[in-house]
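Heads up, the thing below is written out as structure tokens.
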Amino acid sequence: MANNILIVPEARDGSLRKVSFELVTVANEIAQGLGGAVHAVVLGNEVSASAEQIAKTGIAQVYQVDHAALQNFAPEVFTAALADVIRKTQPAVVLFGATGFGKELGARVAARIGMGLVADCTGYKVEGGTLVLTRPIYAGKALATVKAKSLPVMVSIRPNIFPPASADASPAPIEKIELSANAARSQVVEKVQKEAVAVDLAEAKIVVSGGRGAKNAEGFETVKQLANTLGAAVGASRAAVDAGWIDYSTQVGQTGKTVAPQLYIAAGISGAIQHLAGMSSSKVIVAVNKDPDAPIFKVADYGIVGDLFQVLPVMNEELKKVLAEK
Amino acid sequence: MNVVVLIKRVPDTETRIQIKDGKVVTDGISWIISPYDEYAVEEALRLIEKYTGKVTLLCLGPVDAKETIRKGLALGADDAIHLNDPAFEGGDASTTAVVLAAALKKMQYDLVLAGKQAVDEDNAQVAIRVAELLDLPHVNSVIKLDLSDDKKSARCLREVDGDRDIAESSLPAIITAQQGLNEPRYPSLKGIMGAKKKPITDWKASDLGLDPGTIGASGAKLEVVRVDPPPARPPGKLIPGDAATAAKELVRLLHEEAKVV
Ligand SMILES: Cc1cc2nc3c(=O)[nH]c(=O)nc-3n(C[C@H](O)[C@H](O)[C@H](O)COP(=O)(O)OP(=O)(O)OC[C@H]3O[C@@H](n4cnc5c(N)ncnc54)[C@H](O)[C@@H]3O)c2cc1C
Ligand SMILES: Nc1ncnc2c1ncn2[C@@H]1O[C@H](COP(=O)(O)O)[C@@H](O)[C@H]1O
């Protein structure tokens, strides 16, 4: 039996999310270990451009399920579409991005096909003819090593960990597959426009977070300005979120987002265990805090004991200079 | 209306996870209802306050999970089912979902609420799997829930990866809670006292007609080989000087040494 790997790229607003190309990198290595080819399935409405893009990453085959019923997310319709492709192609491993979309769709499809799903993995290896994955648990307070007792298995891969494959190879064939079911009992009916804070927290290279030390919504602007200069995503501690200075969706930590950017700047955040859980695997951590005993300094690579209202504006001006020279 | 809430018992988020011989040490841990499940419980209570009916908690967990179930009853839930059988232990998300689905098949409900994820293993899949196994629609990661007047459908505001959308579903359905759905209440003294008298029914594999080979460790498709502490971080540098000097030096270090800006 061929041990093919099927990846599920994520088409969003007409193009593919970056994690889709990271999946190619992971799939190539797994395919090498197991002895198989890499296939991709692109699901959505009018997703030819996305299918063509992923076809150019050096993979062997692309399947495209294109239908108006896949315009907005509808769990049952997407599940039916993906389950059909899996049944038809019998992959040994199905790879998703560990995004909201990938995790949700993966769970439902895994149940339909009766497969195990190892969610949110940050490491993988092929061993003894199966997959052994590592994944953070307790929001990063520990790392679990999980083995698929047998194949096939489904895996979701955390974004931003593996390098994306480039899309400059000669294109793989694209096969169109009909959608078998298009009635849904639950579905997204409307996207809600939000204020343009553009940089997605989970995928950001740099995150600048503020906590209770920002004092109020106005004070939090100092944090946002620094993020803006850096092209970074804005994050927050739960204290800042609960105080209403910034939206819930920016909370970093055990009950918020888990992030692992190249650079994480924590300003006016004490470093409670729930916050640390969500950001401790960042590559470089900077802490700015008035209290030299704040636990955040235990995980920081660079720390400044000082007032964020004095430190951040100077950083902001200095960074503008550095970035202008680049 | 009858609302069933899936609750999981997890270590208090304050817990420092200790690891010995590749396993998490659970002795001395204080346990809580997983925070997202707490939002689900709160939402169920509010629905019942508005529409009348009954809130039933459904929990798969070891014998002493009962203590955590009581905490949910103290908040105001009416009764609970405890899926309590050593045969359930050592399973994975797929076997947990099989057991929960089998239990729900024996129950009557108009709506099932759950958490977006349990904050121990962070799987974010059990509730969705249950929906699929029961052939129910689901809506994931909800921060606002409104039922239609006839209670036959729900309109949900969702928050996913920082984006928001509105999803509609017919009922019954499984709806999972994301932070922001509500502000969970604290138990009242009366609630805590009253919880002692509320019924918790135990169900075992045999009560659900489940073959022990398909559940728990023997039915699991995944095996946790070991658990390790996260890699230690190298010691950091405190940058001396007044605020302006330190800030400038920090930017230099980020640029020249760490090369991240
Ligand atoms: C179930 C549960 C789940 C939780 N989940 C999360 C989570 O996911 N994420 C999360 O973040 N928290 C979470 N928490 C909350 C967590 O326990 C802390 O309460 C929270 O992280 C504290 O936020 P903070 O660091 O901003 O505030 P504080 O702990 O109050 O710290 C503020 C810091 O700012 C410093 N400061 C004050 N003024 C200045 C200034 N001018 N300049 C510089 N520094 C200054 C202070 O020295 C202090 O260290 C959770 C709690 C519970 C119970
Ligand atoms: N053992 C369990 N008992 C009851 N509900 C559970 C259990 N495990 C998971 N759930 C429910 O499923 C949701 C998602 O869990 P998980 O997939 O483990 O992250 C949780 O928030 C609970 O609502």
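Each chain of the structure tokens is named A, B, ... in the order shown, its residues numbered from 1; ligands are numbered from 1 in display order.
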Counting only C-alpha atoms and all ligand atoms, which residues of chain B sit at most 8 Å from some atom of ligand 1, and what is each one's closest atom pair with its distance in Å to one decimal, listed by chain and rising residue number, as CSV?
residue,atom,partner,partner_atom_place_in_ligand_line,distance
B:Asp12,CA,ligand 1,1 (C),7.1
B:Thr13,CA,ligand 1,1 (C),5.4
B:Glu14,CA,ligand 1,53 (C),7.1
B:Ser34,CA,ligand 1,1 (C),7.9
B:Pro35,CA,ligand 1,1 (C),5.6
inquiry  = Tell me as a ChimeraX atom specification which residues belonging to chain B come within 7 Å of chain A, counting only C-alpha atoms.
reply    = /B:13-14,17,94,119-123,125,128-129,132-133,137-139,160-162,164-170,180,221-230,233,235-239,243-244,246-248,251,260
ask   = So which residues are near ligand 2, meaning at most 6 Å away with only C-alpha atoms and all ligand atoms counted, given back as a PyMOL selection string?
value = chain B and resi 6-8+36-37+58-61+114-118+122-127
Please dump the current selection as a short mmCIF file (atom, residue, chain, number, x, y, z; two decimals), in the first residue's frame; keep all heavy atoms.
data_model
loop_
_atom_site.label_atom_id
_atom_site.label_comp_id
_atom_site.auth_asym_id
_atom_site.auth_seq_id
_atom_site.Cartn_x
_atom_site.Cartn_y
_atom_site.Cartn_z
N LEU B 6 -21.33 19.22 28.72
CA LEU B 6 -20.18 18.31 28.85
C LEU B 6 -19.10 19.01 29.65
O LEU B 6 -18.60 20.05 29.24
CB LEU B 6 -19.63 17.95 27.46
CG LEU B 6 -20.62 17.46 26.42
CD1 LEU B 6 -19.88 17.08 25.13
CD2 LEU B 6 -21.41 16.26 26.95
N ILE B 7 -18.78 18.46 30.80
CA ILE B 7 -17.73 19.09 31.60
C ILE B 7 -16.59 18.12 31.85
O ILE B 7 -16.79 16.95 32.12
CB ILE B 7 -18.24 19.66 32.95
CG1 ILE B 7 -18.85 18.56 33.83
CG2 ILE B 7 -19.25 20.77 32.73
CD1 ILE B 7 -19.06 19.01 35.28
N LYS B 8 -15.38 18.63 31.76
CA LYS B 8 -14.20 17.82 32.06
C LYS B 8 -13.50 18.38 33.28
O LYS B 8 -13.43 19.59 33.46
CB LYS B 8 -13.24 17.80 30.87
CG LYS B 8 -12.08 16.83 31.10
CD LYS B 8 -11.18 16.66 29.90
CE LYS B 8 -10.23 15.49 30.16
NZ LYS B 8 -9.15 15.42 29.18
N TYR B 36 -13.37 26.62 29.86
CA TYR B 36 -14.34 26.80 28.76
C TYR B 36 -15.65 26.08 29.07
O TYR B 36 -16.72 26.51 28.64
CB TYR B 36 -13.76 26.30 27.44
CG TYR B 36 -12.58 27.11 26.96
CD1 TYR B 36 -11.29 26.64 27.06
CD2 TYR B 36 -12.77 28.38 26.42
CE1 TYR B 36 -10.20 27.39 26.63
CE2 TYR B 36 -11.70 29.14 25.98
CZ TYR B 36 -10.41 28.64 26.09
OH TYR B 36 -9.35 29.39 25.68
N ASP B 37 -15.55 24.98 29.79
CA ASP B 37 -16.77 24.25 30.17
C ASP B 37 -17.57 25.06 31.18
O ASP B 37 -18.80 24.96 31.25
CB ASP B 37 -16.42 22.88 30.76
CG ASP B 37 -15.58 22.05 29.81
OD1 ASP B 37 -15.34 22.50 28.68
OD2 ASP B 37 -15.14 20.95 30.21
N LEU B 58 -22.70 16.30 32.26
CA LEU B 58 -22.24 14.97 31.85
C LEU B 58 -20.71 14.99 31.88
O LEU B 58 -20.08 15.81 31.20
CB LEU B 58 -22.76 14.67 30.44
CG LEU B 58 -22.34 13.35 29.80
CD1 LEU B 58 -22.79 12.16 30.64
CD2 LEU B 58 -22.92 13.23 28.39
N CYS B 59 -20.17 14.10 32.69
CA CYS B 59 -18.71 14.12 32.89
C CYS B 59 -18.15 12.71 32.86
O CYS B 59 -18.62 11.84 33.58
CB CYS B 59 -18.38 14.78 34.24
SG CYS B 59 -16.62 14.74 34.65
N LEU B 60 -17.14 12.52 32.03
CA LEU B 60 -16.40 11.26 32.08
C LEU B 60 -15.13 11.54 32.86
O LEU B 60 -14.36 12.44 32.52
CB LEU B 60 -16.07 10.81 30.64
CG LEU B 60 -15.34 9.48 30.47
CD1 LEU B 60 -15.57 8.95 29.06
CD2 LEU B 60 -13.86 9.57 30.73
N GLY B 61 -14.93 10.76 33.92
CA GLY B 61 -13.74 10.99 34.73
C GLY B 61 -13.64 9.96 35.83
O GLY B 61 -14.59 9.21 36.07
N ALA B 114 -20.77 22.60 25.40
CA ALA B 114 -19.47 22.06 25.78
C ALA B 114 -18.46 23.18 25.73
O ALA B 114 -18.79 24.31 25.36
CB ALA B 114 -19.08 20.93 24.83
N GLY B 115 -17.23 22.86 26.07
CA GLY B 115 -16.15 23.84 25.97
C GLY B 115 -15.50 23.73 24.59
O GLY B 115 -15.56 22.69 23.94
N LYS B 116 -14.87 24.81 24.18
CA LYS B 116 -14.11 24.80 22.92
C LYS B 116 -12.95 23.82 23.02
O LYS B 116 -12.59 23.15 22.08
CB LYS B 116 -13.61 26.21 22.64
CG LYS B 116 -12.73 26.33 21.44
CD LYS B 116 -11.95 27.64 21.44
CE LYS B 116 -10.79 27.55 22.39
NZ LYS B 116 -9.67 28.47 22.06
N GLN B 117 -12.32 23.79 24.19
CA GLN B 117 -11.28 22.80 24.43
C GLN B 117 -11.11 22.62 25.92
O GLN B 117 -11.47 23.49 26.70
CB GLN B 117 -9.95 23.21 23.78
CG GLN B 117 -9.18 24.28 24.51
CD GLN B 117 -8.02 24.80 23.66
OE1 GLN B 117 -8.21 25.30 22.57
NE2 GLN B 117 -6.82 24.67 24.17
N ALA B 118 -10.59 21.47 26.30
CA ALA B 118 -10.27 21.24 27.70
C ALA B 118 -8.83 21.70 27.90
O ALA B 118 -7.97 21.37 27.08
CB ALA B 118 -10.43 19.77 28.04
N ASP B 122 -5.67 20.13 25.68
CA ASP B 122 -5.87 21.10 24.60
C ASP B 122 -6.19 20.43 23.26
O ASP B 122 -5.67 20.80 22.22
CB ASP B 122 -4.61 21.98 24.42
CG ASP B 122 -4.31 22.80 25.66
OD1 ASP B 122 -5.26 23.25 26.31
OD2 ASP B 122 -3.13 22.99 25.98
N ASN B 123 -7.07 19.45 23.32
CA ASN B 123 -7.37 18.69 22.09
C ASN B 123 -8.32 19.42 21.16
O ASN B 123 -8.21 19.32 19.95
CB ASN B 123 -7.99 17.35 22.46
CG ASN B 123 -6.97 16.25 22.46
OD1 ASN B 123 -6.17 16.18 21.55
ND2 ASN B 123 -7.00 15.42 23.48
N ALA B 124 -9.29 20.10 21.72
CA ALA B 124 -10.31 20.80 20.94
C ALA B 124 -10.99 19.87 19.93
O ALA B 124 -11.15 20.23 18.77
CB ALA B 124 -9.69 22.02 20.23
N GLN B 125 -11.30 18.66 20.34
CA GLN B 125 -11.98 17.78 19.39
C GLN B 125 -13.09 16.93 19.96
O GLN B 125 -13.96 16.47 19.20
CB GLN B 125 -10.97 16.89 18.65
CG GLN B 125 -9.92 16.22 19.52
CD GLN B 125 -9.09 15.21 18.73
OE1 GLN B 125 -9.64 14.39 18.00
NE2 GLN B 125 -7.78 15.26 18.86
N VAL B 126 -13.12 16.70 21.25
CA VAL B 126 -14.09 15.75 21.80
C VAL B 126 -15.53 16.15 21.50
O VAL B 126 -16.33 15.35 21.01
CB VAL B 126 -13.88 15.57 23.33
CG1 VAL B 126 -15.06 14.85 23.97
CG2 VAL B 126 -12.58 14.80 23.59
N ALA B 127 -15.87 17.41 21.76
CA ALA B 127 -17.27 17.83 21.59
C ALA B 127 -17.71 17.73 20.13
O ALA B 127 -18.82 17.30 19.82
CB ALA B 127 -17.45 19.26 22.11
#
Shell around Val8 in chain A at 6 Å using only C-alpha atoms, local window under 3 positions removed, as a PyMOL selection string = chain A and resi 40-41+96
Output the selection as a PDB file, in the first residue's frame - N, CA, C and O atoms for each residue.
ATOM      1  N   ALA A  40      -2.737  17.040  -2.166  1.00  0.00           N
ATOM      2  CA  ALA A  40      -3.412  18.120  -1.438  1.00  0.00           C
ATOM      3  C   ALA A  40      -4.865  18.171  -1.871  1.00  0.00           C
ATOM      4  O   ALA A  40      -5.181  17.832  -3.017  1.00  0.00           O
ATOM      5  N   VAL A  41      -5.740  18.576  -0.963  1.00  0.00           N
ATOM      6  CA  VAL A  41      -7.131  18.809  -1.358  1.00  0.00           C
ATOM      7  C   VAL A  41      -7.516  20.232  -0.975  1.00  0.00           C
ATOM      8  O   VAL A  41      -7.349  20.636   0.173  1.00  0.00           O
ATOM      9  N   PHE A  96      -3.499  18.744   8.625  1.00  0.00           N
ATOM     10  CA  PHE A  96      -4.202  20.027   8.674  1.00  0.00           C
ATOM     11  C   PHE A  96      -3.298  21.074   9.324  1.00  0.00           C
ATOM     12  O   PHE A  96      -2.407  20.723  10.096  1.00  0.00           O
TER      13      PHE A  96
END
inquiry  = Among range 51-250 of chain B, which residues does DSSP mark as helix (DSSP H, G or I) when it is run on the backbone? Keep the chain and numbering as in the structure and answer as number ranges by chain.
reply    = B: 51, 63-75, 86-88, 93-105, 126-133, 189-195, 205-208, 212-214, 216-219, 243-250
Report as a CSV table (one decimal) with all heavy atoms, in the first residue's frame all protein, DNA and RNA residues lying within 6 Å of Val208 in chain A, evaluated on only C-alpha atoms, omitting residues in the same chain fewer than 5 positions from it.
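Saved the output as selection_1.csv:
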chain,number,residue,atom,x,y,z
A,227,ALA,N,3.6,48.0,18.6
A,227,ALA,CA,3.2,46.9,17.7
A,227,ALA,C,3.1,47.4,16.3
A,227,ALA,O,3.6,46.8,15.3
A,227,ALA,CB,1.9,46.3,18.2
A,234,VAL,N,-1.0,42.7,18.2
A,234,VAL,CA,-1.1,43.1,19.6
A,234,VAL,C,-1.7,42.0,20.4
A,234,VAL,O,-2.6,41.3,20.0
A,234,VAL,CB,-2.1,44.3,19.7
A,234,VAL,CG1,-2.4,44.7,21.1
A,234,VAL,CG2,-1.6,45.5,18.8
A,235,GLY,N,-1.0,41.7,21.6
A,235,GLY,CA,-1.5,40.7,22.5
A,235,GLY,C,-1.9,41.4,23.9
A,235,GLY,O,-1.6,42.6,24.0
A,264,TYR,N,8.6,38.2,21.3
A,264,TYR,CA,7.4,38.5,22.1
A,264,TYR,C,7.8,39.6,23.1
A,264,TYR,O,8.8,39.4,23.9
A,264,TYR,CB,7.0,37.2,22.9
A,264,TYR,CG,5.7,37.4,23.6
A,264,TYR,CD1,4.5,37.2,23.0
A,264,TYR,CD2,5.7,37.9,25.0
A,264,TYR,CE1,3.3,37.4,23.7
A,264,TYR,CE2,4.5,38.1,25.6
A,264,TYR,CZ,3.3,37.8,25.0
A,264,TYR,OH,2.1,38.0,25.7
A,265,ILE,N,7.2,40.7,23.1
A,265,ILE,CA,7.4,41.8,24.0
A,265,ILE,C,6.3,41.9,25.0
A,265,ILE,O,5.1,42.1,24.6
A,265,ILE,CB,7.6,43.1,23.3
A,265,ILE,CG1,8.8,43.0,22.3
A,265,ILE,CG2,7.9,44.3,24.3
A,265,ILE,CD1,9.1,44.2,21.5
query = What does the distance from CA of Glu89 in chain B to CA of Gln179 in chain B come to in Å, to one decimal?
reply =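 CA of Glu89 in chain B sits 28.5 Å away from CA of Gln179 in chain B.
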query = Which is closest to Glu29 in chain A among A:Ile59, A:Val207, A:Leu276, A:Ala11, if we use only C-alpha atoms?
reply =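 So, comparing all the options, the nearest one is A:Ile59.
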request  = Extract the full set of strand (DSSP E or B) residues from range 6-205 of chain B according to DSSP on the backbone, and format it as a ChimeraX atom specification.
outcome  = /B:6,9-11,19-20,23-24,31-33,54-60,79-83,111-115,138-147,153-160,163-170,174-177,200-203
Neighbouring residues of Arg70 in chain B were defined as those with any atom within 9 Å, considering only C-alpha atoms; residues of the same chain fewer than 6 positions away were excluded. Please report them as a compact mmCIF listing (two decimals) with all heavy atoms, in the first residue's frame.
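Output contents, as saved in out.txt:
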# COMPACT_ATOMS: atom_id res chain seq x y z
N ALA B 80 -26.61 15.37 37.48
CA ALA B 80 -25.41 15.04 36.71
C ALA B 80 -25.33 13.55 36.45
O ALA B 80 -25.85 12.74 37.22
CB ALA B 80 -24.16 15.51 37.46
N ILE B 192 -23.84 25.69 47.32
CA ILE B 192 -22.89 24.67 47.75
C ILE B 192 -23.57 23.65 48.67
O ILE B 192 -23.39 22.44 48.52
CB ILE B 192 -21.68 25.33 48.46
CG1 ILE B 192 -20.89 26.18 47.44
CG2 ILE B 192 -20.78 24.30 49.10
CD1 ILE B 192 -19.85 27.10 48.03
N ALA B 195 -26.01 21.48 46.66
CA ALA B 195 -25.38 20.55 45.71
C ALA B 195 -25.21 19.16 46.32
O ALA B 195 -25.20 18.16 45.60
CB ALA B 195 -24.04 21.11 45.27
N LYS B 196 -25.08 19.13 47.64
CA LYS B 196 -24.85 17.84 48.29
C LYS B 196 -26.03 16.91 48.11
O LYS B 196 -25.89 15.70 48.16
CB LYS B 196 -24.59 18.06 49.78
CG LYS B 196 -23.27 18.79 50.00
CD LYS B 196 -22.90 18.92 51.45
CE LYS B 196 -21.59 19.66 51.59
NZ LYS B 196 -21.57 20.62 52.67
N LYS B 198 -28.15 17.04 45.45
CA LYS B 198 -28.55 16.83 44.05
C LYS B 198 -28.04 15.48 43.53
O LYS B 198 -26.95 15.05 43.90
CB LYS B 198 -28.01 17.97 43.19
CG LYS B 198 -28.73 19.29 43.45
CD LYS B 198 -28.20 20.39 42.56
CE LYS B 198 -28.96 21.69 42.80
NZ LYS B 198 -28.31 22.81 42.13
N ILE B 200 -26.35 12.58 41.47
CA ILE B 200 -25.31 12.26 40.48
C ILE B 200 -25.46 10.76 40.19
O ILE B 200 -25.30 9.94 41.08
CB ILE B 200 -23.89 12.53 41.00
CG1 ILE B 200 -23.74 13.99 41.44
CG2 ILE B 200 -22.86 12.19 39.93
CD1 ILE B 200 -22.35 14.34 41.99
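Restricting the calculation to only C-alpha atoms, the smallest distance between Gln178 in chain B and any of B:Leu57, B:Ala40, B:Ile215, B:Ala232 is found for B:Ala40.
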